[in-house]
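Visitor: First the structure, which I've put down as structure tokens, then a few questions once you've had a look.
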Amino acid sequence: MTKQAKLENLKAQILKDDVCPELAGAATQLVFGYGNPDAQIVFVGEAPGKNEDLKGLPFVGAAGKFLDEMLATINLKREDIYITNIVKYRPPNNRDPLPEEKSAFLPYLQQQMAIIQPKVIVTLGRHSMECFLPGLKISEVHGQAKRKNGQVYLPLFHPAAALYNGGMRQTLLDDFATIPAVIEAISN
């Protein structure tokens, strides 16, 4: 079975298991993930927003446009990477995902990563980072690759942070610029 077929089966399993029915009932649709199932890099955000909920794809709003810009700075396109969120339904009013919602989706996210087997998991924002690297402060570790249980993680601020705070834009661009070196270091 191909990785794409395994991912489709996992998506169907989330629907079948009725994960977070309150969230599902308030959302338009499940936003599972998008991109290359053979990607070396997976980006993980926290949860879909309004645009993502409507289109069924992750990172298609303003933060997604900035993510595309950042990808271009390291000569990558969406087709080269895989992108998903911890929580697969939009929380009402774009609130932060609750701990129990993140916990409910975590086993599925872990299965998603096991299928794709990326060299690097780039966490976008503190919620995503805390799922993989609990106990760290994003303000202290952003842009620094971390290895845990054989997997390399690169915590970054969420692209939306640059939309609300212009000073974060350069920090995100600088941190993003480290991705090719992290991939090269893992490959050697």
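Chain lettering (A, B, ...) mirrors the order of the structure tokens, residue numbering begins at 1 for each chain separately, and ligand numbering begins at 1 in order of display.
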Name all residues at most 8 Å from segment 155-161 of chain A (count only C-alpha atoms; drop same-chain ones fewer than 3 positions away) and give them as a list of chain:residue names.
Guide: A:Gly45, A:Ala62, A:Ala63, A:Gly64, A:Phe66, A:Leu67, A:Val122, A:Thr123, A:Leu124, A:Gly125, A:Arg126, A:Met129, A:Ile138, A:Val141, A:His142, A:Gly143, A:Gln144, A:Ala145, A:Tyr164, A:Asn165, A:Met168, A:Arg169, A:Leu172, A:Asp175, A:Phe176
Visitor: Store the residues picked out above in a file with N, CA and C atoms, as a compact mmCIF listing (two decimals), in the first residue's frame.
Guide:
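The file below, part-v8.txt, is the result:
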# COMPACT_ATOMS: atom_id res chain seq x y z
N GLY A 45 1.13 22.56 12.38
CA GLY A 45 0.55 23.71 13.07
C GLY A 45 -0.36 23.23 14.19
N ALA A 62 -3.90 33.88 5.41
CA ALA A 62 -2.78 34.82 5.39
C ALA A 62 -1.49 34.18 5.92
N ALA A 63 -1.59 33.38 6.98
CA ALA A 63 -0.40 32.70 7.51
C ALA A 63 0.16 31.72 6.47
N GLY A 64 -0.73 31.10 5.72
CA GLY A 64 -0.31 30.18 4.66
C GLY A 64 0.43 30.89 3.53
N PHE A 66 2.24 33.57 3.91
CA PHE A 66 3.57 33.85 4.44
C PHE A 66 4.41 32.57 4.47
N LEU A 67 3.80 31.44 4.80
CA LEU A 67 4.51 30.16 4.77
C LEU A 67 5.02 29.89 3.35
N VAL A 122 8.90 20.19 11.52
CA VAL A 122 8.97 21.60 11.87
C VAL A 122 7.67 21.94 12.59
N THR A 123 7.79 22.30 13.86
CA THR A 123 6.60 22.66 14.64
C THR A 123 6.36 24.16 14.47
N LEU A 124 5.13 24.51 14.16
CA LEU A 124 4.76 25.91 13.94
C LEU A 124 3.93 26.39 15.13
N GLY A 125 4.58 27.12 16.03
CA GLY A 125 3.89 27.64 17.20
C GLY A 125 4.07 26.77 18.43
N ARG A 126 3.70 27.35 19.58
CA ARG A 126 3.95 26.67 20.85
C ARG A 126 3.07 25.43 21.04
N MET A 129 4.73 22.64 19.17
CA MET A 129 6.00 22.29 19.82
C MET A 129 5.74 21.49 21.10
N ILE A 138 9.08 28.24 23.54
CA ILE A 138 9.38 28.54 22.14
C ILE A 138 10.24 29.78 22.01
N VAL A 141 13.81 28.41 22.34
CA VAL A 141 14.35 27.34 21.49
C VAL A 141 14.02 27.48 20.00
N HIS A 142 13.28 28.53 19.62
CA HIS A 142 12.91 28.66 18.20
C HIS A 142 14.17 28.67 17.33
N GLY A 143 14.08 27.96 16.22
CA GLY A 143 15.19 27.91 15.27
C GLY A 143 16.31 26.96 15.64
N GLN A 144 16.16 26.22 16.75
CA GLN A 144 17.19 25.28 17.20
C GLN A 144 16.68 23.85 17.04
N ALA A 145 17.35 23.09 16.19
CA ALA A 145 16.95 21.70 15.97
C ALA A 145 17.14 20.91 17.26
N TYR A 164 0.77 39.45 13.16
CA TYR A 164 0.32 40.29 14.28
C TYR A 164 1.45 41.15 14.84
N ASN A 165 2.68 40.73 14.60
CA ASN A 165 3.84 41.43 15.14
C ASN A 165 4.90 41.48 14.05
N MET A 168 8.41 40.02 14.24
CA MET A 168 8.62 38.57 14.21
C MET A 168 8.97 38.07 12.82
N ARG A 169 8.63 38.85 11.80
CA ARG A 169 8.82 38.41 10.42
C ARG A 169 10.27 38.00 10.15
N LEU A 172 11.31 34.80 11.96
CA LEU A 172 10.80 33.61 11.28
C LEU A 172 11.60 33.31 10.01
N ASP A 175 14.96 31.89 11.10
CA ASP A 175 14.83 30.51 11.57
C ASP A 175 14.55 29.56 10.41
N PHE A 176 13.72 30.00 9.49
CA PHE A 176 13.36 29.18 8.33
C PHE A 176 14.60 28.88 7.49
Visitor: In segment 9-48 of chain A, what's strand (DSSP E or B) per DSSP? Answer as a PyMOL selection string?
Guide: chain A and resi 34-35+41-45
Visitor: Which parts of segment 11-114 of chain A does DSSP call helix (DSSP H, G or I) when run on the backbone here, written out as a PyMOL selection string?
Guide: chain A and resi 11-17+21-26+50-55+62-73+78-80+92-94+99-114
Visitor: Would you save the residues of that selection, restricted to C-alpha atoms, as a compact mmCIF listing (two decimals), in the first residue's frame?
Guide:
# COMPACT_ATOMS: atom_id res chain seq x y z
CA LYS A 11 -8.15 10.14 7.48
CA ALA A 12 -11.10 7.75 7.11
CA GLN A 13 -10.27 6.26 10.53
CA ILE A 14 -10.48 9.70 12.21
CA LEU A 15 -13.97 10.15 10.71
CA LYS A 16 -15.00 6.62 11.67
CA ASP A 17 -13.71 7.05 15.24
CA PRO A 21 -17.50 15.20 17.94
CA GLU A 22 -18.20 18.68 19.39
CA LEU A 23 -15.41 20.18 17.29
CA ALA A 24 -16.47 18.17 14.26
CA GLY A 25 -20.06 19.36 14.65
CA ALA A 26 -19.00 23.01 14.76
CA LYS A 50 -11.60 29.78 9.04
CA ASN A 51 -10.11 29.59 5.52
CA GLU A 52 -8.71 26.12 6.16
CA ASP A 53 -12.08 24.92 7.45
CA LEU A 54 -13.83 26.20 4.32
CA LYS A 55 -11.29 24.80 1.83
CA ALA A 62 -2.78 34.82 5.39
CA ALA A 63 -0.40 32.70 7.51
CA GLY A 64 -0.31 30.18 4.66
CA LYS A 65 0.68 32.88 2.18
CA PHE A 66 3.57 33.85 4.44
CA LEU A 67 4.51 30.16 4.77
CA ASP A 68 4.62 29.94 0.95
CA GLU A 69 6.89 33.02 0.90
CA MET A 70 9.20 31.42 3.45
CA LEU A 71 9.26 28.13 1.51
CA ALA A 72 10.31 30.06 -1.62
CA THR A 73 13.28 31.54 0.29
CA ARG A 78 4.10 23.03 -1.06
CA GLU A 79 4.44 20.02 -3.35
CA ASP A 80 7.88 19.35 -1.79
CA PRO A 92 -14.96 27.64 17.40
CA ASN A 93 -14.06 31.32 16.97
CA ASN A 94 -10.45 30.33 16.24
CA PRO A 99 -5.51 20.07 25.91
CA GLU A 100 -8.08 17.25 25.60
CA GLU A 101 -8.55 18.03 21.87
CA LYS A 102 -4.81 17.88 21.27
CA SER A 103 -4.64 14.61 23.25
CA ALA A 104 -7.50 13.11 21.23
CA PHE A 105 -5.78 13.84 17.91
CA LEU A 106 -2.20 13.10 18.99
CA PRO A 107 -2.29 9.33 18.24
CA TYR A 108 -3.49 10.09 14.69
CA LEU A 109 -0.80 12.73 14.23
CA GLN A 110 1.79 10.22 15.43
CA GLN A 111 0.48 7.69 12.90
CA GLN A 112 0.63 10.36 10.18
CA MET A 113 4.32 10.97 11.01
CA ALA A 114 5.03 7.22 11.11
Visitor: If I take atom CA of Leu163 of chain A and atom CA of Lys146 of chain A, how far is one from the other in Å, to one decimal?
Guide: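 Spanning atom CA of Leu163 of chain A to atom CA of Lys146 of chain A is a straight-line distance of 26.1 Å.
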Visitor: Would you mind listing, for every residue of segment 133-166 of chain A within 12 Å of segment 31-41 of chain A, the two atoms forming the shortest contact and the distance between them in Å to one decimal, using only C-alpha atoms, sorted by chain and ascending residue number, as a Markdown table?
Guide:
| residue | atom | partner | partner_atom | distance |
| --- | --- | --- | --- | --- |
| A:Gln151 | CA | A:Ile41 | CA | 11.5 |
| A:Val152 | CA | A:Ile41 | CA | 10.0 |
| A:Tyr153 | CA | A:Ile41 | CA | 9.8 |
| A:Leu154 | CA | A:Ile41 | CA | 10.0 |
Visitor: Please report the interatomic distance between atom CA of Ile183 of chain A and atom CA of Ile116 of chain A in Å with one decimal.
Guide: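 Computing the Euclidean distance for atom CA of Ile183 of chain A and atom CA of Ile116 of chain A yields 15.5 Å.
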Visitor: Between atom CA of Gly49 of chain A and atom CA of Gly166 of chain A, what is the distance, to one decimal in Å?
Guide: 20.4 Å
